[in-house]
Amino acid sequence: MSDRLATHESGLSPSWHNPRMIVDSADDLNPSLASAHDSRGKPGRQYRIFRHLLALLLLCVLQVTPPAHATTCPQTGTQENSRIAHQDIQGQALLRDPGGRLSIEEIVSPAQSGAFIPLAGQLTGGFTRDVLWLRFCLTGADDAQPSNWLRVSPAQLDKLTLYLPRGDNYEVRQSGDKLPFSEREWPYRLFTFSIPPDIDSSRPAYLRIESSDPSSLHLDRWTDSSFKQMLALDYLIYGINGGTILLLSAFALIAWLRLREYIYLLYGINALASAILLLVNAGFGSQFLYPASGNMNDLAQSWLTGPVIAVHFLFFTYIFAIRRNLPWLYPVMLALAASYFISAPLSLVLDWHDIRHMLNFAGLPIAALGIPLVIYLGWKDKERRLYSLAFMPWLGNALMHHLHRRNWLDSNFLLEYGTETATLVHLIMFPALLIHRTWRIEREKEVAWTREKMKAQRIEHELEERVTQRTAELQKEIQTRSVLQEQLEEALNTERSGLARQRQLVAMLSHEFRTPLAIIDAAAQRLDRNLVQREPELVGKTSKIRKAVSRLLNLLENCLADERLTADGASLRLEEIDVRAFIQETHGDDALAGARRIQLELPDTPILLRCDRHLFDVTLNNLVDNALKYSPKDRPVLISLMPNLIPGMIAIRVRDYGEGIRPEDRERVFDKFIRADGLTGISGAGLGLYLARELARRHGGNVVLEPATPGEGASFILSLPA
């Protein structure tokens, strides 16, 4: 009995001293019994019987146990404890207050004092909406240490109310994240309470905690001098941490601007995001950014936590080339990053504490799976093997914190400054690895550049040899070409002299042939007139003589025209003629034999044309002679002068009614020395149509063959500029 009373008075009372706690524990241990309700929502019969039995057992226990009084604190070593520089608060006991309805008077009453559950160490636990009461013992100050300080961490606790035993009552102190920083007792990122020297050390102090995430609450006591030293060391650690991160971010930005490698830009963004979230979670946001507001810290955390973790996921995905090394994991990483990112806007419509609980719940499997994943990726991708070393401290610290939140790992120094240390180690190792990577890449570039330089020098040497060889070949070729050019010039001179002699011969023959042919034609013409009356049967023979003379004269004219076309410096002797009168004169009724077969379609007014009279005559005569040769003797040849057929041109159509030109011969009918196949018994050299087109083109016109059906004759149109 005395042992149980001593245990009760020392704050280590087990839960069976409180009847309400017994019932709650029974419900927690047996969910099936706790849920034994009838269909109308009322407790079932078995549950009511079990509750009455527990109440009867409790009455029996109370009969043999004396009433509990206010818990007292041991006084042994009190004076010595007050001089210890730093002490973790031991002997803590916890009471859950659902709804936060209990007051300090009810807490210290004998009815509630036995409901406290002793804690083996510091408070660790998960997400809860209940108000928590901590009971612990404090020692006051003495003459050597006039004041002490109680520190409470972490910096995310919403509302803290400390009840210090002074005299017969309790002195109330307020702090917490919801209290503006400017109203705190000491300007420190965490929560501190001064312990006056006159507190009643025989009675315990109480701390009321109203927060949604007291997962790693830590209480420790500091003497005044050691507290100030701790503050200096704390700010030094965070100053070094923040300054280092800023320097690393600046280095990453400069490296990105110089090297244009996005890995440095991503690292800088990741480092800055980590630093901002770290400082906000550590309490510096309330101290420096919004000291007058008590609600901004939750808002800042809700808008920073998810996006910063999303940046970590994206950075991890890029660094380890997840898309290439593990394609199936790539969409999973993007989905995780997106889910964390949208937690920020979700906090506008949902309670941030619920979202933070979900993030913490998902953090343990992610951290636990992240470590083997990093090891596997480092093993698979040799190039990124060293990156695994940089991520291991960060992932290990995250895993330790999640285990601590679930009370699977005791509190220690690594947990207190683990996030800061792991982040700093990660952010320092990573740029070192990036520098090593850049150095290796630059070295590879230098080796490749040296290799390419040697290759270029070898190619340059080969090119020089080829150029030398090619130069010698070109010189030899130039000499050969010089000899050939001399021979060619000599041949050209010989050809020019031959052509000159040929032209002289053609001119001489033309002159020599024209006079006899003219005499023959004149004699045949006189003979024809005399024979018409005397011997009409001989008229046909004189007509043959005149036709033969006409063919010879036409051949001479074509040869002379061809010589003019091929002669160097040949030019047209342009003059203005009346085309209508010219056609009437050359192909009318008074023309040579065969003119009676020619029909003329001429306008009533004169048509003026500027041309070379002689060459125009050759052109038109070739077209008419061609029509006369290839049409039956009883069919006419039609010459039509059409000044308005083609805009800006004067057109002359020459049409016959012979067999026409076959489709396969239409393309080559204007070629030189070409005659259509199957033409037997018809004389010709294949120059007429060729010369007609070339002479027309020399005037700026053309000769074209109109489309026609085979067997219906051929129609040529001569067009010359008006």
# chains A, B, ... in the order shown; residues from 1 in each chain; ligands from 1

call {"tool": "residues_around", "arguments": {"residues": "segment 273-286 of chain A", "least_positions_apart": "5", "cutoff": "8 Å", "atoms": "only C-alpha atoms", "output": "JSON, numbers by chain"}}
result
{"A": [154, 155, 156, 177, 180, 181, 189, 190, 242, 245, 291, 293, 294, 296, 297, 300, 301, 304, 305, 308, 311, 419, 420, 423]}

call {"tool": "write_last_selection", "arguments": {"atoms": "N, CA, C and O atoms", "output": "compact mmCIF listing (two decimals), in the first residue's frame"}}
result
# COMPACT_ATOMS: atom_id res chain seq x y z
N PRO A 154 9.61 21.40 -30.61
CA PRO A 154 10.08 22.21 -31.74
C PRO A 154 9.32 23.51 -31.88
O PRO A 154 8.49 23.84 -31.04
N ALA A 155 9.58 24.23 -33.00
CA ALA A 155 9.03 25.56 -33.20
C ALA A 155 7.65 25.55 -33.81
O ALA A 155 7.11 26.60 -34.12
N GLN A 156 7.04 24.35 -34.00
CA GLN A 156 5.73 24.29 -34.64
C GLN A 156 4.58 24.11 -33.65
O GLN A 156 3.45 23.84 -34.06
N ASP A 177 3.42 29.01 -31.10
CA ASP A 177 3.50 29.53 -32.47
C ASP A 177 2.39 30.53 -32.76
O ASP A 177 2.55 31.40 -33.62
N PRO A 180 2.29 36.05 -31.14
CA PRO A 180 3.26 36.84 -31.92
C PRO A 180 4.64 36.81 -31.28
O PRO A 180 4.79 36.83 -30.05
N PHE A 181 5.65 36.77 -32.12
CA PHE A 181 7.02 36.65 -31.61
C PHE A 181 7.39 37.83 -30.73
O PHE A 181 8.16 37.68 -29.77
N ARG A 189 14.14 31.66 -31.33
CA ARG A 189 13.33 30.96 -32.33
C ARG A 189 12.44 29.89 -31.73
O ARG A 189 11.36 29.59 -32.25
N LEU A 190 12.88 29.28 -30.60
CA LEU A 190 12.07 28.29 -29.89
C LEU A 190 11.34 28.96 -28.75
O LEU A 190 11.39 30.18 -28.59
N GLY A 242 23.08 28.74 -42.99
CA GLY A 242 22.45 29.63 -43.97
C GLY A 242 23.46 30.30 -44.88
O GLY A 242 23.25 30.41 -46.10
N ILE A 245 24.72 27.82 -47.42
CA ILE A 245 23.73 27.56 -48.46
C ILE A 245 23.66 28.72 -49.45
O ILE A 245 23.57 28.53 -50.67
N PRO A 291 7.11 38.88 -37.28
CA PRO A 291 7.13 38.83 -35.80
C PRO A 291 5.84 39.31 -35.15
O PRO A 291 5.56 38.96 -34.00
N SER A 293 2.77 38.71 -36.26
CA SER A 293 1.63 37.85 -36.59
C SER A 293 1.77 36.51 -35.90
O SER A 293 2.86 35.94 -35.84
N GLY A 294 0.65 35.99 -35.42
CA GLY A 294 0.66 34.69 -34.78
C GLY A 294 0.12 33.58 -35.66
O GLY A 294 0.07 32.42 -35.22
N MET A 296 0.94 33.50 -39.28
CA MET A 296 1.66 33.42 -40.55
C MET A 296 2.54 32.19 -40.65
O MET A 296 2.83 31.74 -41.77
N ASN A 297 2.99 31.65 -39.53
CA ASN A 297 3.92 30.52 -39.63
C ASN A 297 3.23 29.29 -40.23
O ASN A 297 3.81 28.61 -41.08
N ALA A 300 2.86 29.99 -43.89
CA ALA A 300 4.13 29.84 -44.62
C ALA A 300 4.49 28.36 -44.79
O ALA A 300 4.93 27.94 -45.87
N GLN A 301 4.29 27.58 -43.73
CA GLN A 301 4.59 26.16 -43.84
C GLN A 301 3.66 25.46 -44.84
O GLN A 301 4.10 24.58 -45.60
N LEU A 304 4.92 26.31 -48.31
CA LEU A 304 6.30 25.98 -48.64
C LEU A 304 6.58 24.48 -48.61
O LEU A 304 7.34 23.97 -49.43
N THR A 305 6.00 23.76 -47.64
CA THR A 305 6.39 22.37 -47.41
C THR A 305 6.19 21.50 -48.66
O THR A 305 7.12 20.87 -49.16
N VAL A 308 8.33 22.60 -51.83
CA VAL A 308 9.76 22.34 -51.65
C VAL A 308 10.06 20.85 -51.78
O VAL A 308 11.04 20.44 -52.42
N VAL A 311 10.04 19.99 -55.33
CA VAL A 311 11.32 20.36 -55.97
C VAL A 311 12.38 19.30 -55.69
O VAL A 311 13.17 18.94 -56.56
N THR A 419 18.37 17.63 -39.02
CA THR A 419 17.94 18.19 -40.30
C THR A 419 18.94 19.20 -40.81
O THR A 419 19.32 19.21 -41.99
N GLU A 420 19.38 20.09 -39.90
CA GLU A 420 20.35 21.10 -40.31
C GLU A 420 21.66 20.46 -40.76
O GLU A 420 22.23 20.84 -41.79
N THR A 423 21.16 18.43 -44.07
CA THR A 423 20.99 19.35 -45.21
C THR A 423 22.31 19.99 -45.59
O THR A 423 22.66 20.09 -46.77

call {"tool": "residues_around", "arguments": {"residues": "Phe136 of chain A", "least_positions_apart": "2", "cutoff": "8 Å", "atoms": "only C-alpha atoms", "output": "PyMOL selection string"}}
result
chain A and resi 11+89-93+134+138+204-206

call {"tool": "closest_residue", "arguments": {"among": "A:Val374, A:Leu102, A:Ala581, A:Val349", "to": "Pro393 of chain A", "atoms": "only C-alpha atoms"}}
result
A:Val374

call {"tool": "atom_distance", "arguments": {"atom1": "atom CA of Leu474 of chain A", "atom2": "atom CA of Ile459 of chain A"}}
result
21.3 Å

call {"tool": "residues_around", "arguments": {"residues": "Arg173 of chain A", "least_positions_apart": "3", "cutoff": "9 Å", "atoms": "only C-alpha atoms", "output": "count of residues only"}}
result
7

call {"tool": "atom_distance", "arguments": {"atom1": "atom CA of Val704 of chain A", "atom2": "atom CA of Lys672 of chain A"}}
result
15.4 Å

call {"tool": "residues_around", "arguments": {"residues": "Met358 of chain A", "least_positions_apart": "3", "cutoff": "12 Å", "atoms": "only C-alpha atoms", "output": "PyMOL selection string"}}
result
chain A and resi 126-127+213+306+339-340+343+350-355+361-364

call {"tool": "residues_around", "arguments": {"residues": "Ala255 of chain A", "least_positions_apart": "6", "cutoff": "10 Å", "atoms": "only C-alpha atoms", "output": "ChimeraX atom specification"}}
result
/A:249,261-265,268,434-435,438

call {"tool": "write_last_selection", "arguments": {"atoms": "N, CA, C and O atoms", "output": "compact mmCIF listing (two decimals), in the first residue's frame"}}
result
# COMPACT_ATOMS: atom_id res chain seq x y z
N SER A 249 24.45 28.44 -53.30
CA SER A 249 23.47 28.86 -54.32
C SER A 249 24.07 29.86 -55.29
O SER A 249 23.85 29.79 -56.51
N GLU A 261 24.95 24.61 -67.85
CA GLU A 261 24.48 23.26 -67.53
C GLU A 261 23.35 23.39 -66.52
O GLU A 261 23.51 23.95 -65.43
N TYR A 262 22.17 22.86 -66.87
CA TYR A 262 20.98 23.05 -66.05
C TYR A 262 21.08 22.34 -64.70
O TYR A 262 20.31 22.65 -63.79
N ILE A 263 22.02 21.43 -64.57
CA ILE A 263 22.15 20.73 -63.29
C ILE A 263 22.52 21.71 -62.18
O ILE A 263 22.08 21.59 -61.03
N TYR A 264 23.31 22.75 -62.51
CA TYR A 264 23.68 23.75 -61.51
C TYR A 264 22.49 24.64 -61.16
O TYR A 264 22.30 25.01 -59.99
N LEU A 265 21.67 24.99 -62.14
CA LEU A 265 20.49 25.79 -61.86
C LEU A 265 19.51 25.01 -60.98
O LEU A 265 18.97 25.56 -60.00
N GLY A 268 20.86 24.93 -57.45
CA GLY A 268 20.67 26.20 -56.75
C GLY A 268 19.25 26.37 -56.28
O GLY A 268 19.01 26.82 -55.15
N LEU A 434 29.54 17.92 -58.04
CA LEU A 434 29.33 18.63 -59.31
C LEU A 434 30.63 19.21 -59.84
O LEU A 434 30.89 19.19 -61.05
N ILE A 435 31.45 19.74 -58.93
CA ILE A 435 32.75 20.27 -59.36
C ILE A 435 33.60 19.15 -59.91
O ILE A 435 34.27 19.30 -60.95
N THR A 438 32.22 18.35 -63.26
CA THR A 438 32.61 19.37 -64.24
C THR A 438 34.07 19.24 -64.61
O THR A 438 34.46 19.35 -65.79

call {"tool": "residues_around", "arguments": {"residues": "segment 687-696 of chain A", "least_positions_apart": "6", "cutoff": "6 Å", "atoms": "only C-alpha atoms", "output": "PDB file with N, CA, C and O atoms, in the first residue's frame"}}
result
ATOM      1  N   THR A 619      11.889  33.075-145.548  1.00  0.00           N
ATOM      2  CA  THR A 619      11.060  32.395-144.541  1.00  0.00           C
ATOM      3  C   THR A 619       9.696  32.037-145.113  1.00  0.00           C
ATOM      4  O   THR A 619       9.240  30.887-145.030  1.00  0.00           O
ATOM      5  N   ASN A 622       9.872  29.408-147.918  1.00  0.00           N
ATOM      6  CA  ASN A 622      10.093  28.035-147.440  1.00  0.00           C
ATOM      7  C   ASN A 622       8.796  27.412-146.956  1.00  0.00           C
ATOM      8  O   ASN A 622       8.522  26.226-147.204  1.00  0.00           O
ATOM      9  N   PHE A 670      11.132  20.599-137.135  1.00  0.00           N
ATOM     10  CA  PHE A 670      11.910  21.828-137.299  1.00  0.00           C
ATOM     11  C   PHE A 670      13.412  21.591-137.142  1.00  0.00           C
ATOM     12  O   PHE A 670      14.178  22.564-137.147  1.00  0.00           O
ATOM     13  N   ASP A 671      13.843  20.318-136.948  1.00  0.00           N
ATOM     14  CA  ASP A 671      15.269  20.050-136.824  1.00  0.00           C
ATOM     15  C   ASP A 671      15.953  20.171-138.177  1.00  0.00           C
ATOM     16  O   ASP A 671      15.354  19.988-139.245  1.00  0.00           O
ATOM     17  N   LYS A 672      17.253  20.429-138.118  1.00  0.00           N
ATOM     18  CA  LYS A 672      18.043  20.633-139.342  1.00  0.00           C
ATOM     19  C   LYS A 672      18.310  19.299-140.031  1.00  0.00           C
ATOM     20  O   LYS A 672      18.636  18.314-139.387  1.00  0.00           O
ATOM     21  N   PHE A 673      18.118  19.278-141.323  1.00  0.00           N
ATOM     22  CA  PHE A 673      18.358  18.101-142.167  1.00  0.00           C
ATOM     23  C   PHE A 673      17.472  16.918-141.775  1.00  0.00           C
ATOM     24  O   PHE A 673      17.848  15.772-141.929  1.00  0.00           O
ATOM     25  N   ASN A 702       8.358  33.704-134.277  1.00  0.00           N
ATOM     26  CA  ASN A 702       8.459  32.262-134.179  1.00  0.00           C
ATOM     27  C   ASN A 702       7.618  31.635-135.279  1.00  0.00           C
ATOM     28  O   ASN A 702       6.771  32.293-135.910  1.00  0.00           O
ATOM     29  N   VAL A 703       7.867  30.350-135.533  1.00  0.00           N
ATOM     30  CA  VAL A 703       7.048  29.547-136.430  1.00  0.00           C
ATOM     31  C   VAL A 703       6.589  28.333-135.641  1.00  0.00           C
ATOM     32  O   VAL A 703       7.414  27.610-135.067  1.00  0.00           O
TER      33      VAL A 703
END
